[in-house]
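Text of the file coords-v1.txt, holding compact mmCIF, C-alpha atoms:
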# COMPACT_ATOMS: atom_id res chain seq x y z
CA MET Q 812 82.67 119.62 118.56
CA THR Q 813 82.34 123.33 117.90
CA VAL Q 814 78.93 124.99 117.60
CA LYS Q 815 79.47 125.65 113.89
CA ALA Q 816 80.39 122.04 113.19
CA GLY Q 817 77.37 120.93 115.19
CA ILE Q 818 75.11 123.07 113.02
CA TYR Q 819 76.66 121.58 109.86
CA PHE Q 820 76.13 118.10 111.24
CA VAL Q 821 72.50 118.56 112.26
CA THR Q 822 71.66 120.28 108.95
CA LEU Q 823 73.19 117.49 106.93
CA LEU Q 824 71.51 114.81 108.99
CA VAL Q 825 68.13 116.48 108.55
CA ILE Q 826 68.65 116.77 104.77
CA LEU Q 827 69.77 113.16 104.60
CA LEU Q 828 66.87 111.98 106.72
CA MET Q 829 64.35 113.90 104.61
CA ALA Q 830 65.86 112.54 101.41
CA SER Q 831 65.77 109.04 102.83
CA LEU Q 832 62.17 109.27 103.98
CA GLN Q 833 61.14 110.61 100.58
CA SER Q 834 62.70 107.81 98.62
CA CYS Q 835 63.07 104.82 100.93
CA VAL Q 836 60.76 102.01 99.81
CA ASN Q 837 60.61 98.23 100.14
CA ASN Q 838 59.81 97.11 96.61
CA ASN Q 839 60.38 93.88 94.74
CA GLU Q 840 59.95 93.25 91.04
CA GLU Q 841 57.42 90.43 91.55
CA ASP Q 842 54.99 92.71 93.39
CA LEU Q 843 55.59 95.73 91.13
CA TYR Q 844 55.44 93.99 87.77
CA GLY Q 845 54.02 90.55 88.47
CA ILE Q 846 55.72 87.22 87.87
CA GLU Q 847 56.41 86.89 84.17
CA PRO Q 848 56.05 83.33 82.89
CA CYS Q 849 59.31 81.78 81.74
CA ASP Q 850 58.65 79.66 78.64
CA ILE Q 851 61.24 76.89 78.69
CA THR Q 852 59.89 74.96 75.73
CA ASN Q 853 61.74 74.83 72.38
CA VAL Q 854 64.89 76.60 73.59
CA THR Q 855 67.09 77.07 70.52
CA TRP Q 856 69.48 79.73 69.23
CA ALA Q 857 66.95 80.93 66.70
CA SER Q 858 63.89 80.92 68.96
CA LYS Q 859 65.22 82.48 72.16
CA ILE Q 860 69.00 82.67 72.73
CA ALA Q 861 69.88 85.02 69.86
CA GLU Q 862 67.43 87.58 71.25
CA ILE Q 863 68.94 87.35 74.77
CA MET Q 864 72.43 87.84 73.35
CA LYS Q 865 71.31 90.78 71.23
CA LYS Q 866 69.74 92.46 74.26
CA ASN Q 867 72.62 91.94 76.70
CA CYS Q 868 75.88 91.11 74.93
CA VAL Q 869 76.16 92.22 71.30
CA VAL Q 870 76.81 95.88 72.12
CA CYS Q 871 80.33 94.91 73.32
CA HIS Q 872 80.68 91.53 71.63
CA GLY Q 873 79.30 92.12 68.14
CA PRO Q 874 80.53 93.05 64.69
CA GLU Q 875 81.42 96.62 65.71
CA LEU Q 876 83.41 96.10 68.91
CA ALA Q 877 84.05 92.35 69.33
CA TYR Q 878 85.81 92.93 72.69
CA LYS Q 879 88.50 90.29 73.30
CA GLY Q 880 87.54 88.71 69.99
CA VAL Q 881 84.29 87.37 71.38
CA ARG Q 882 81.10 87.77 69.35
CA HIS Q 883 77.52 86.79 70.13
CA ASP Q 884 75.82 87.96 66.95
CA THR Q 885 75.90 84.71 64.98
CA TYR Q 886 75.49 81.05 65.88
CA GLU Q 887 78.95 80.20 64.52
CA TYR Q 888 80.70 82.75 66.73
CA GLU Q 889 78.54 81.75 69.69
CA MET Q 890 79.62 78.13 69.43
CA ILE Q 891 83.25 79.12 70.06
CA VAL Q 892 82.44 80.28 73.62
CA VAL Q 893 79.90 77.49 74.06
CA ASN Q 894 82.43 74.78 73.23
CA ASP Q 895 85.24 76.08 75.42
CA GLY Q 896 82.88 76.51 78.39
CA ARG Q 897 83.27 80.26 78.66
CA LEU Q 898 79.60 81.11 78.07
CA ARG Q 899 78.41 78.95 80.98
CA GLY Q 900 81.20 80.31 83.20
CA VAL Q 901 80.71 84.01 82.56
CA VAL Q 902 76.92 84.16 82.76
CA ASN Q 903 76.73 82.02 85.90
CA HIS Q 904 79.62 83.97 87.52
CA LEU Q 905 81.57 80.77 88.10
CA PRO Q 906 84.99 80.97 89.76
CA GLY Q 907 87.79 81.81 87.35
CA TYR Q 908 85.56 83.51 84.78
CA SER Q 909 84.84 87.18 84.17
CA LYS Q 910 81.43 88.13 85.49
CA MET Q 911 79.12 89.02 82.64
CA PRO Q 912 77.37 91.21 81.68
CA LYS Q 913 80.24 93.56 82.54
CA ASP Q 914 79.59 95.89 85.48
CA ARG Q 915 76.15 94.43 86.06
CA GLY Q 916 74.64 91.72 88.20
CA LYS Q 917 73.66 88.35 86.77
CA LEU Q 918 71.18 88.21 83.89
CA PRO Q 919 67.48 88.11 84.83
CA GLU Q 920 66.54 84.73 86.27
CA CYS Q 921 64.50 83.58 83.25
CA GLU Q 922 67.18 84.52 80.70
CA LEU Q 923 69.87 82.76 82.71
CA LYS Q 924 67.66 79.69 83.03
CA LEU Q 925 67.07 79.59 79.26
CA ILE Q 926 70.82 79.81 78.50
CA ASN Q 927 71.58 76.97 80.91
CA ILE Q 928 68.79 74.80 79.46
CA TRP Q 929 70.08 75.54 75.95
CA LEU Q 930 73.63 74.55 76.93
CA ASP Q 931 72.39 71.40 78.70
CA ASN Q 932 70.52 70.43 75.52
CA GLY Q 933 73.65 70.71 73.35
CA ALA Q 934 73.10 74.30 72.15
CA PRO Q 935 70.91 73.59 69.09
CA GLU Q 936 70.60 76.20 66.38
CA PHE Q 937 67.00 75.35 65.44
CA MET Z 148 109.22 140.08 158.07
CA LYS Z 149 109.08 141.43 154.52
CA LYS Z 150 112.78 140.74 154.13
CA ILE Z 151 112.29 137.15 155.29
CA ILE Z 152 109.63 136.55 152.59
CA PHE Z 153 111.59 138.48 149.98
CA ILE Z 154 114.70 136.32 150.30
CA PRO Z 155 113.09 132.95 149.41
CA VAL Z 156 111.02 134.55 146.64
CA VAL Z 157 114.15 136.02 145.07
CA PHE Z 158 115.96 132.74 145.60
CA PHE Z 159 113.25 130.69 143.88
CA ALA Z 160 112.82 133.25 141.17
CA PHE Z 161 116.47 133.17 140.23
CA SER Z 162 116.91 129.48 140.91
CA GLY Z 163 114.07 128.94 138.41
CA PHE Z 164 116.36 130.11 135.65
CA THR Z 165 118.85 127.50 136.63
CA LEU Z 166 116.35 124.60 136.58
CA PRO Z 167 117.28 121.99 134.00
CA ALA Z 168 115.29 122.41 130.76
CA GLN Z 169 113.96 118.85 131.05
CA ASP Z 170 112.26 119.64 134.33
CA LEU Z 171 110.60 122.68 132.81
CA ASP Z 172 109.38 120.58 129.87
CA LYS Z 173 107.96 117.98 132.20
CA LEU Z 174 106.16 120.66 134.13
CA LEU Z 175 104.67 122.12 130.94
CA VAL Z 176 103.67 118.71 129.68
CA THR Z 177 101.98 117.94 132.98
CA ILE Z 178 100.07 121.20 132.90
CA SER Z 179 99.06 120.90 129.24
CA ALA Z 180 98.11 117.21 129.48
CA ASP Z 181 95.57 117.99 132.13
CA SER Z 182 94.16 121.16 130.64
CA ILE Z 183 93.70 120.44 126.91
CA PRO Z 184 92.28 117.41 125.08
CA ASN Z 185 95.00 115.12 123.84
CA TYR Z 186 93.38 113.57 120.75
CA VAL Z 187 94.54 110.28 119.32
CA TYR Z 188 95.32 110.83 115.63
CA ALA Z 189 95.73 108.45 112.69
CA THR Z 190 93.84 105.46 114.03
CA PHE Z 191 93.92 104.44 110.37
CA LYS Z 192 95.91 105.95 107.51
CA GLY Z 193 93.01 106.26 105.08
CA THR Z 194 89.30 106.94 105.28
CA THR Z 195 88.82 103.32 104.26
CA ILE Z 196 90.43 100.28 105.84
CA ILE Z 197 90.19 98.29 102.60
CA ASN Z 198 86.71 98.34 101.05
CA GLY Z 199 84.89 99.54 104.14
CA GLN Z 200 84.97 102.91 105.83
CA SER Z 201 87.36 103.62 108.68
CA VAL Z 202 86.61 106.06 111.51
CA GLU Z 203 88.92 108.60 109.88
CA VAL Z 204 87.69 111.74 108.13
CA PRO Z 205 89.89 114.15 106.16
CA GLY Z 206 91.44 116.98 108.18
CA ASN Z 207 90.00 120.44 108.25
CA ASN Z 208 89.76 121.80 104.68
CA ASP Z 209 91.53 118.77 103.25
CA LEU Z 210 90.23 117.35 99.99
CA TYR Z 211 91.05 113.74 99.16
CA PHE Z 212 90.98 112.52 95.61
CA ILE Z 213 90.50 108.77 95.84
CA ILE Z 214 91.17 106.36 92.97
CA SER Z 215 90.08 102.79 93.62
CA HIS Z 216 90.38 99.82 91.35
CA ARG Z 217 89.67 96.12 91.62
CA PHE Z 218 91.10 93.91 88.91
CA GLY Z 219 89.49 90.70 87.65
CA ALA Z 220 89.67 87.38 89.45
CA VAL Z 221 93.18 86.10 90.13
CA ASN Z 222 92.12 82.58 89.10
CA SER Z 223 91.19 83.73 85.58
CA GLY Z 224 94.64 82.56 84.58
CA LEU Z 225 97.74 83.76 82.77
CA TYR Z 226 95.78 84.56 79.60
CA ASN Z 227 94.07 87.40 81.52
CA LEU Z 228 97.30 88.07 83.48
CA PHE Z 229 95.59 86.86 86.63
CA GLY Z 230 92.79 89.38 86.35
CA LEU Z 231 94.84 92.45 85.43
CA ASP Z 232 93.10 92.63 82.03
CA GLN Z 233 89.75 93.32 83.68
CA GLY Z 234 88.44 95.39 86.51
CA THR Z 235 86.11 97.94 88.00
CA THR Z 236 86.92 101.47 89.09
CA ARG Z 237 85.67 104.06 91.52
CA LEU Z 238 86.70 107.71 91.49
CA GLY Z 239 85.85 109.77 94.54
CA LEU Z 240 86.28 113.08 96.32
CA GLU Z 241 86.05 113.53 100.08
CA TYR Z 242 86.20 116.91 101.78
CA GLY Z 243 86.87 117.45 105.48
CA ILE Z 244 85.06 120.09 107.51
CA LYS Z 245 86.31 120.94 111.00
CA ASP Z 246 88.27 117.72 111.50
CA ILE Z 247 85.13 115.80 112.48
CA LEU Z 248 82.86 116.00 109.47
CA SER Z 249 83.26 115.07 105.83
CA LEU Z 250 81.24 114.99 102.67
CA SER Z 251 82.05 112.59 99.87
CA PHE Z 252 81.01 111.98 96.31
CA GLY Z 253 82.03 109.21 93.98
CA ARG Z 254 81.23 107.16 90.95
CA SER Z 255 81.74 103.44 90.42
CA SER Z 256 81.77 101.76 87.04
CA TYR Z 257 79.59 98.89 88.37
CA GLU Z 258 75.97 99.66 87.39
CA LYS Z 259 77.34 103.22 86.77
CA THR Z 260 76.67 103.98 90.44
CA TYR Z 261 77.05 107.45 91.95
CA ASP Z 262 77.38 107.78 95.70
CA GLY Z 263 77.12 110.65 98.15
CA ALA Z 264 77.84 110.33 101.85
CA VAL Z 265 78.30 112.20 105.08
CA LYS Z 266 80.64 111.03 107.80
CA VAL Z 267 80.89 112.53 111.24
CA LYS Z 268 83.03 111.77 114.28
CA ILE Z 269 80.71 111.63 117.25
CA LEU Z 270 83.42 110.76 119.78
CA ARG Z 271 87.20 111.13 119.52
CA GLN Z 272 89.59 108.90 121.38
CA GLN Z 273 91.48 111.18 123.75
CA THR Z 274 93.12 111.73 127.11
CA GLY Z 275 93.55 114.97 129.03
CA ILE Z 276 90.40 116.76 130.14
CA LYS Z 277 88.33 113.74 129.20
CA ASN Z 278 89.42 110.17 128.94
CA ILE Z 279 87.57 108.66 125.96
CA PRO Z 280 88.81 105.21 124.92
CA LEU Z 281 87.14 105.03 121.49
CA THR Z 282 86.58 106.98 118.33
CA VAL Z 283 82.99 106.66 117.13
CA THR Z 284 82.05 107.75 113.62
CA LEU Z 285 78.70 107.69 111.84
CA TYR Z 286 78.70 107.06 108.10
CA SER Z 287 75.59 107.44 105.97
CA GLY Z 288 75.47 107.21 102.20
CA ILE Z 289 73.06 107.18 99.27
CA PHE Z 290 73.84 105.22 96.11
CA VAL Z 291 72.23 105.80 92.71
CA GLU Z 292 72.53 103.36 89.82
CA THR Z 293 72.40 105.12 86.47
CA ILE Z 294 72.80 102.18 84.12
CA LYS Z 295 70.14 101.96 81.41
CA TRP Z 296 66.96 100.21 82.48
CA GLU Z 297 67.06 96.52 81.81
CA ASP Z 298 63.46 96.64 80.58
CA PRO Z 299 62.74 100.18 79.32
CA GLU Z 300 59.22 99.16 78.24
CA ARG Z 301 57.85 98.78 81.76
CA GLU Z 302 57.06 101.62 84.18
CA ASN Z 303 60.41 102.09 85.92
CA LEU Z 304 60.57 104.13 89.14
CA LEU Z 305 63.38 106.49 90.09
CA SER Z 306 63.33 105.03 93.61
CA SER Z 307 64.28 101.65 92.11
CA ARG Z 308 67.74 103.05 91.40
CA LEU Z 309 68.46 103.93 95.03
CA SER Z 310 70.11 102.08 97.87
CA TYR Z 311 71.45 103.27 101.21
CA SER Z 312 74.02 102.38 103.79
CA THR Z 313 74.45 103.48 107.40
CA GLN Z 314 77.34 102.39 109.56
CA MET Z 315 78.30 103.15 113.15
CA LEU Z 316 82.06 102.73 113.38
CA PHE Z 317 83.77 102.08 116.74
CA ALA Z 318 87.57 102.08 116.73
CA ARG Z 319 90.39 102.16 119.23
CA LYS Z 320 94.07 102.73 118.69
CA PHE Z 321 96.03 100.52 121.08
CA GLY Z 322 99.43 102.13 121.43
CA ARG Z 323 101.34 103.21 118.33
CA LYS Z 324 100.93 100.08 116.23
CA LEU Z 325 97.56 98.38 116.60
CA SER Z 326 94.13 99.76 115.71
CA LEU Z 327 90.89 97.77 115.72
CA GLN Z 328 87.42 98.66 114.51
CA LEU Z 329 83.91 97.26 114.91
CA SER Z 330 81.43 98.32 112.22
CA PRO Z 331 77.74 97.45 112.69
CA SER Z 332 76.25 98.12 109.25
CA TYR Z 333 72.83 98.51 107.67
CA VAL Z 334 72.10 98.39 103.95
CA HIS Z 335 68.74 99.20 102.39
CA ILE Z 336 67.99 98.32 98.77
CA ASN Z 337 64.80 99.86 97.38
CA LEU Z 338 64.15 97.28 94.67
CA VAL Z 339 65.04 93.60 94.91
CA PRO Z 340 64.16 90.91 92.36
CA THR Z 341 61.72 88.74 94.31
CA SER Z 342 59.55 88.85 97.43
CA GLY Z 343 61.99 86.41 99.02
CA ASP Z 344 64.91 88.85 98.76
CA GLN Z 345 65.79 91.21 101.58
CA ASN Z 346 65.40 94.97 101.20
CA ASN Z 347 67.03 95.48 104.59
CA ILE Z 348 70.36 93.80 105.25
CA PHE Z 349 72.41 93.89 108.44
CA ALA Z 350 76.07 93.03 108.86
CA ILE Z 351 78.84 93.30 111.41
CA GLY Z 352 82.22 94.49 110.20
CA LEU Z 353 85.57 93.89 111.86
CA GLY Z 354 88.70 95.67 110.76
CA GLY Z 355 92.20 96.25 111.94
CA ARG Z 356 95.63 97.64 111.21
CA TYR Z 357 99.06 96.77 112.50
CA LYS Z 358 101.88 99.19 111.79
CA LEU Z 359 105.16 97.53 110.90
CA THR Z 360 106.98 100.80 110.27
CA PRO Z 361 105.81 104.43 110.55
CA LYS Z 362 104.84 104.40 106.87
CA PHE Z 363 103.78 100.80 106.34
CA SER Z 364 101.00 98.75 107.90
CA LEU Z 365 99.13 95.48 107.46
CA ASN Z 366 95.34 95.72 107.22
CA GLY Z 367 92.48 93.23 107.44
CA GLU Z 368 88.74 93.52 107.15
CA TYR Z 369 85.74 91.18 107.39
CA TYR Z 370 82.01 91.80 107.01
CA TYR Z 371 79.71 89.15 108.45
CA LEU Z 372 76.17 89.10 107.01
CA LEU Z 373 73.56 88.35 109.65
CA PRO Z 374 71.49 85.22 108.82
CA GLY Z 375 68.89 85.68 106.08
CA GLN Z 376 68.44 85.43 102.32
CA ALA Z 377 71.41 87.73 101.61
CA ALA Z 378 73.69 85.60 103.77
CA ASP Z 379 72.40 82.47 101.99
CA ASP Z 380 72.93 83.86 98.48
CA TYR Z 381 76.07 85.92 98.94
CA ALA Z 382 79.47 85.60 100.60
CA ASN Z 383 80.96 87.52 103.49
CA SER Z 384 83.54 90.06 102.41
CA LEU Z 385 87.09 89.24 103.53
CA SER Z 386 90.10 91.35 102.60
CA PHE Z 387 93.78 91.67 103.48
CA GLY Z 388 96.18 94.38 102.43
CA VAL Z 389 98.86 96.90 103.19
CA ASP Z 390 98.93 100.67 103.58
CA ILE Z 391 101.94 102.55 102.28
CA GLU Z 392 102.22 106.22 103.15
CA THR Z 393 104.26 108.69 101.14
CA GLY Z 394 104.23 112.48 101.23
CA GLY Z 395 100.66 113.50 100.45
CA HIS Z 396 99.62 110.02 99.27
CA VAL Z 397 98.38 106.85 100.89
CA PHE Z 398 98.50 103.69 98.80
CA GLN Z 399 96.36 100.77 99.87
CA LEU Z 400 97.08 97.50 98.07
CA HIS Z 401 94.98 94.44 98.82
CA PHE Z 402 93.48 91.06 98.07
CA THR Z 403 89.71 90.81 98.47
CA ASN Z 404 86.78 88.65 97.44
CA SER Z 405 84.66 91.81 96.88
CA GLN Z 406 85.00 93.46 93.51
CA LEU Z 407 82.52 96.21 94.35
CA MET Z 408 83.76 99.28 96.22
CA PHE Z 409 80.57 100.84 97.59
CA ALA Z 410 78.77 99.68 100.73
CA PRO Z 411 75.66 97.95 99.29
CA GLY Z 412 78.03 96.11 96.94
CA TYR Z 413 80.78 94.81 99.21
CA ILE Z 414 78.53 94.28 102.25
CA ALA Z 415 75.43 92.81 100.61
CA HIS Z 416 76.43 91.60 97.12
CA THR Z 417 79.81 89.88 97.39
CA GLU Z 418 79.55 86.86 95.09
CA SER Z 419 83.05 85.44 95.13
CA LYS Z 420 84.60 83.18 97.73
CA TRP Z 421 88.18 82.80 98.88
CA SER Z 422 87.62 79.04 99.01
CA ASP Z 423 87.09 79.03 95.21
CA GLY Z 424 90.23 81.08 94.63
CA ASP Z 425 87.95 83.80 93.28
CA ILE Z 426 89.81 86.80 94.69
CA PHE Z 427 90.72 90.19 93.31
CA ILE Z 428 93.82 92.33 93.51
CA GLY Z 429 92.95 95.95 94.16
CA PHE Z 430 94.22 99.31 95.25
CA ASN Z 431 93.01 102.61 96.70
CA ILE Z 432 95.11 105.72 96.22
CA PHE Z 433 94.45 108.78 98.38
CA ARG Z 434 95.88 112.09 97.16
CA THR Z 435 95.49 114.99 99.60
CA PHE Z 436 94.91 118.58 98.55
CA SER Z 437 95.06 121.05 101.43
CA ILE Z 438 92.69 123.79 100.45
CA GLY Z 439 92.76 125.98 103.58
CA ARG Z 440 95.87 127.59 105.06
CA LYS Z 441 95.63 125.34 108.09
CA GLY Z 442 95.20 122.19 106.07
CA ARG Z 443 97.43 119.32 106.93
CA ASN Z 444 98.51 116.19 105.19
CA ILE Z 445 97.43 112.74 106.35
Show me the file's structure as structure tokens.
Amino acid sequence: MTVKAGIYFVTLLVILLMASLQSCVNNNEEDLYGIEPCDITNVTWASKIAEIMKKNCVVCHGPELAYKGVRHDTYEYEMIVVNDGRLRGVVNHLPGYSKMPKDRGKLPECELKLINIWLDNGAPEF
Amino acid sequence: MKKIIFIPVVFFAFSGFTLPAQDLDKLLVTISADSIPNYVYATFKGTTIINGQSVEVPGNNDLYFIISHRFGAVNSGLYNLFGLDQGTTRLGLEYGIKDILSLSFGRSSYEKTYDGAVKVKILRQQTGIKNIPLTVTLYSGIFVETIKWEDPERENLLSSRLSYSTQMLFARKFGRKLSLQLSPSYVHINLVPTSGDQNNIFAIGLGGRYKLTPKFSLNGEYYYLLPGQAADDYANSLSFGVDIETGGHVFQLHFTNSQLMFAPGYIAHTESKWSDGDIFIGFNIFRTFSIGRKGRNI
């Protein structure tokens, strides 16, 4: 290692170390924001699921884009992916299904739980 | 007396011209092998083995443009052309300084994550003046998610977007064909969902390459998560592939159960399992631009 390269190395390590010390924390969402209650009563399309879909899915799978022909903006369209099993597969990241939401981790625990309860209950509209 | 000395000197001096060239070469090789470091080059073809970093850094003043892609799951069926309809991408640049140090910058589509990293060779496998059996490289990177906040209403912290990875890479090239690497790895994630999730994750990586021809090799890579919540919730990353070298390019084609191409992703957040058939076809393409006059191709 030449002296010049050594200087580069030490400088970069110091910068990296300083940046790390400035921003390295051990946080979790429960401690930062508290545990939000997950209301699992009366889980229907109208009461809870439509809102989850609007927040997470409709931007790519709605009336404007409808990527791959899938839409989550109405109950009728939603039932297509409910009936063929795709909704359960993609949100739970089951083998053989695309992982949704695209380029993100799984949905927040409560939202995922509500979708699974809704599917288990036969996906009622009201 | 002077004449007696003069005769053998003249004899050896002239006879030197008549020595076979091979003997002279051997002599020079012997002298140079002992007096200059004889570095072992190209332990791996690329700066990654598959998903994970290799001990290699770009040559002096070389700039690599790296295009990486992982398609969707192979078991998604013919309708999705076995995953080719979907995928994630990473574009990156890596610049070599003085053959032992590199800086890199990249952006992955997953969580719209930017990454910056420094990589430095601490030891170089060599013979000659010193006999060092291993190449040891330190890799340290910072990763920043820039995807929109999931809940913009709450007080979101900038630090919540950051994660880190540090790896100490130990590799040895055994002869011309086989190279093996051990990669103890540390991942830190600033914000995790629950108090039961790990902010600090440790893993051991194993990687290797076997050259079948000068321009073609088989590669394998495995990251073992040490016991803990991450190991319980996620899978170990296992990948197999080939390296194909052409003038100025290295193509890496592979099968992997990790769709993510940055360290906190493939080490700590691999969801898919080979046993479920949930594997991804992927590639990395390295294009070399030699910026300095003394730049060299990989």
Calculated over all atoms listed in the file, which of the candidates Z:His401, Z:Arg301, Z:Arg434, Z:Lys362 has the smallest distance to chain Q?
Z:Arg301
Compute the chain Q side of the contact with chain Z at 6 Å, counting all atoms listed in the file, and hand it back as a PyMOL selection string.
chain Q and resi 834+836-841+906-908+914-915
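Counting only C-alpha atoms and comparing Q:Val892, Q:Cys835, Q:Val902, Q:Cys868, the residue that lies closest to Leu925 of chain Q is Q:Val902.
Pairwise distance (atom CA of Ala861 of chain Q, atom CA of Tyr381 of chain Z) equals 29.7 Å.
Here atom CA of Gln328 of chain Z stands at a distance of 22.3 Å from atom CA of Tyr242 of chain Z.
The interatomic distance for the pair atom CA of Arg254 of chain Z and atom CA of Ala415 of chain Z works out to 18.2 Å.
Those residues that approach segment 874-890 of chain Q to within 9 Å, counting all atoms listed in the file, are Trp856, Ala857, Ala861, Met864, Lys865, Cys868, Val869, Val870, Cys871, Val893, Asn894, Asp895, Leu898, Ala934 and Glu936 of chain Q; same-chain residues fewer than 3 positions away are not listed.
Surrounding residues of (82.7, 82.3, 83.4) at most 6 Å away are Q:Arg897, Q:Arg899, Q:Gly900, Q:Val901, Q:His904, Q:Leu905, Q:Tyr908, Q:Ser909 (based on only C-alpha atoms).
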Name all residues at most 9 Å from Thr403 of chain Z (count all atoms listed in the file; drop same-chain ones fewer than 4 positions away) and give them as a VMD selection string.
chain Z and resid 197 to 198 217 384 to 388 421 425 to 429
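The nearest approach to Gly352 of chain Z among the residues Z:Val389, Z:Ile276, Z:Val204, Z:Ala318, with all atoms listed in the file taken into account, belongs to Z:Ala318.
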Residue among Q:Ile891, Q:Asn867, Q:Thr852, Q:Leu843 lying closest to Met911 of chain Q, counting all atoms listed in the file
Q:Asn867
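Proximity to Pro331 of chain Z was assessed for Z:Thr435, Z:Asn207, Z:Gln314, Z:Asn185 counting all atoms listed in the file; the smallest distance is recorded for Z:Gln314.
Excluding Lys924 of chain Q itself and any same-chain residue fewer than 5 positions from it, the protein and nucleic acid residues within 12 Å of it, counting all atoms listed in the file, are Cys849, Asp850, Ile851, Thr852, Val854, Lys859, Ile860, Ile863, Arg899, Val902, Asn903, Lys917, Leu918, Pro919, Trp929, Leu930 and Asp931 of chain Q.
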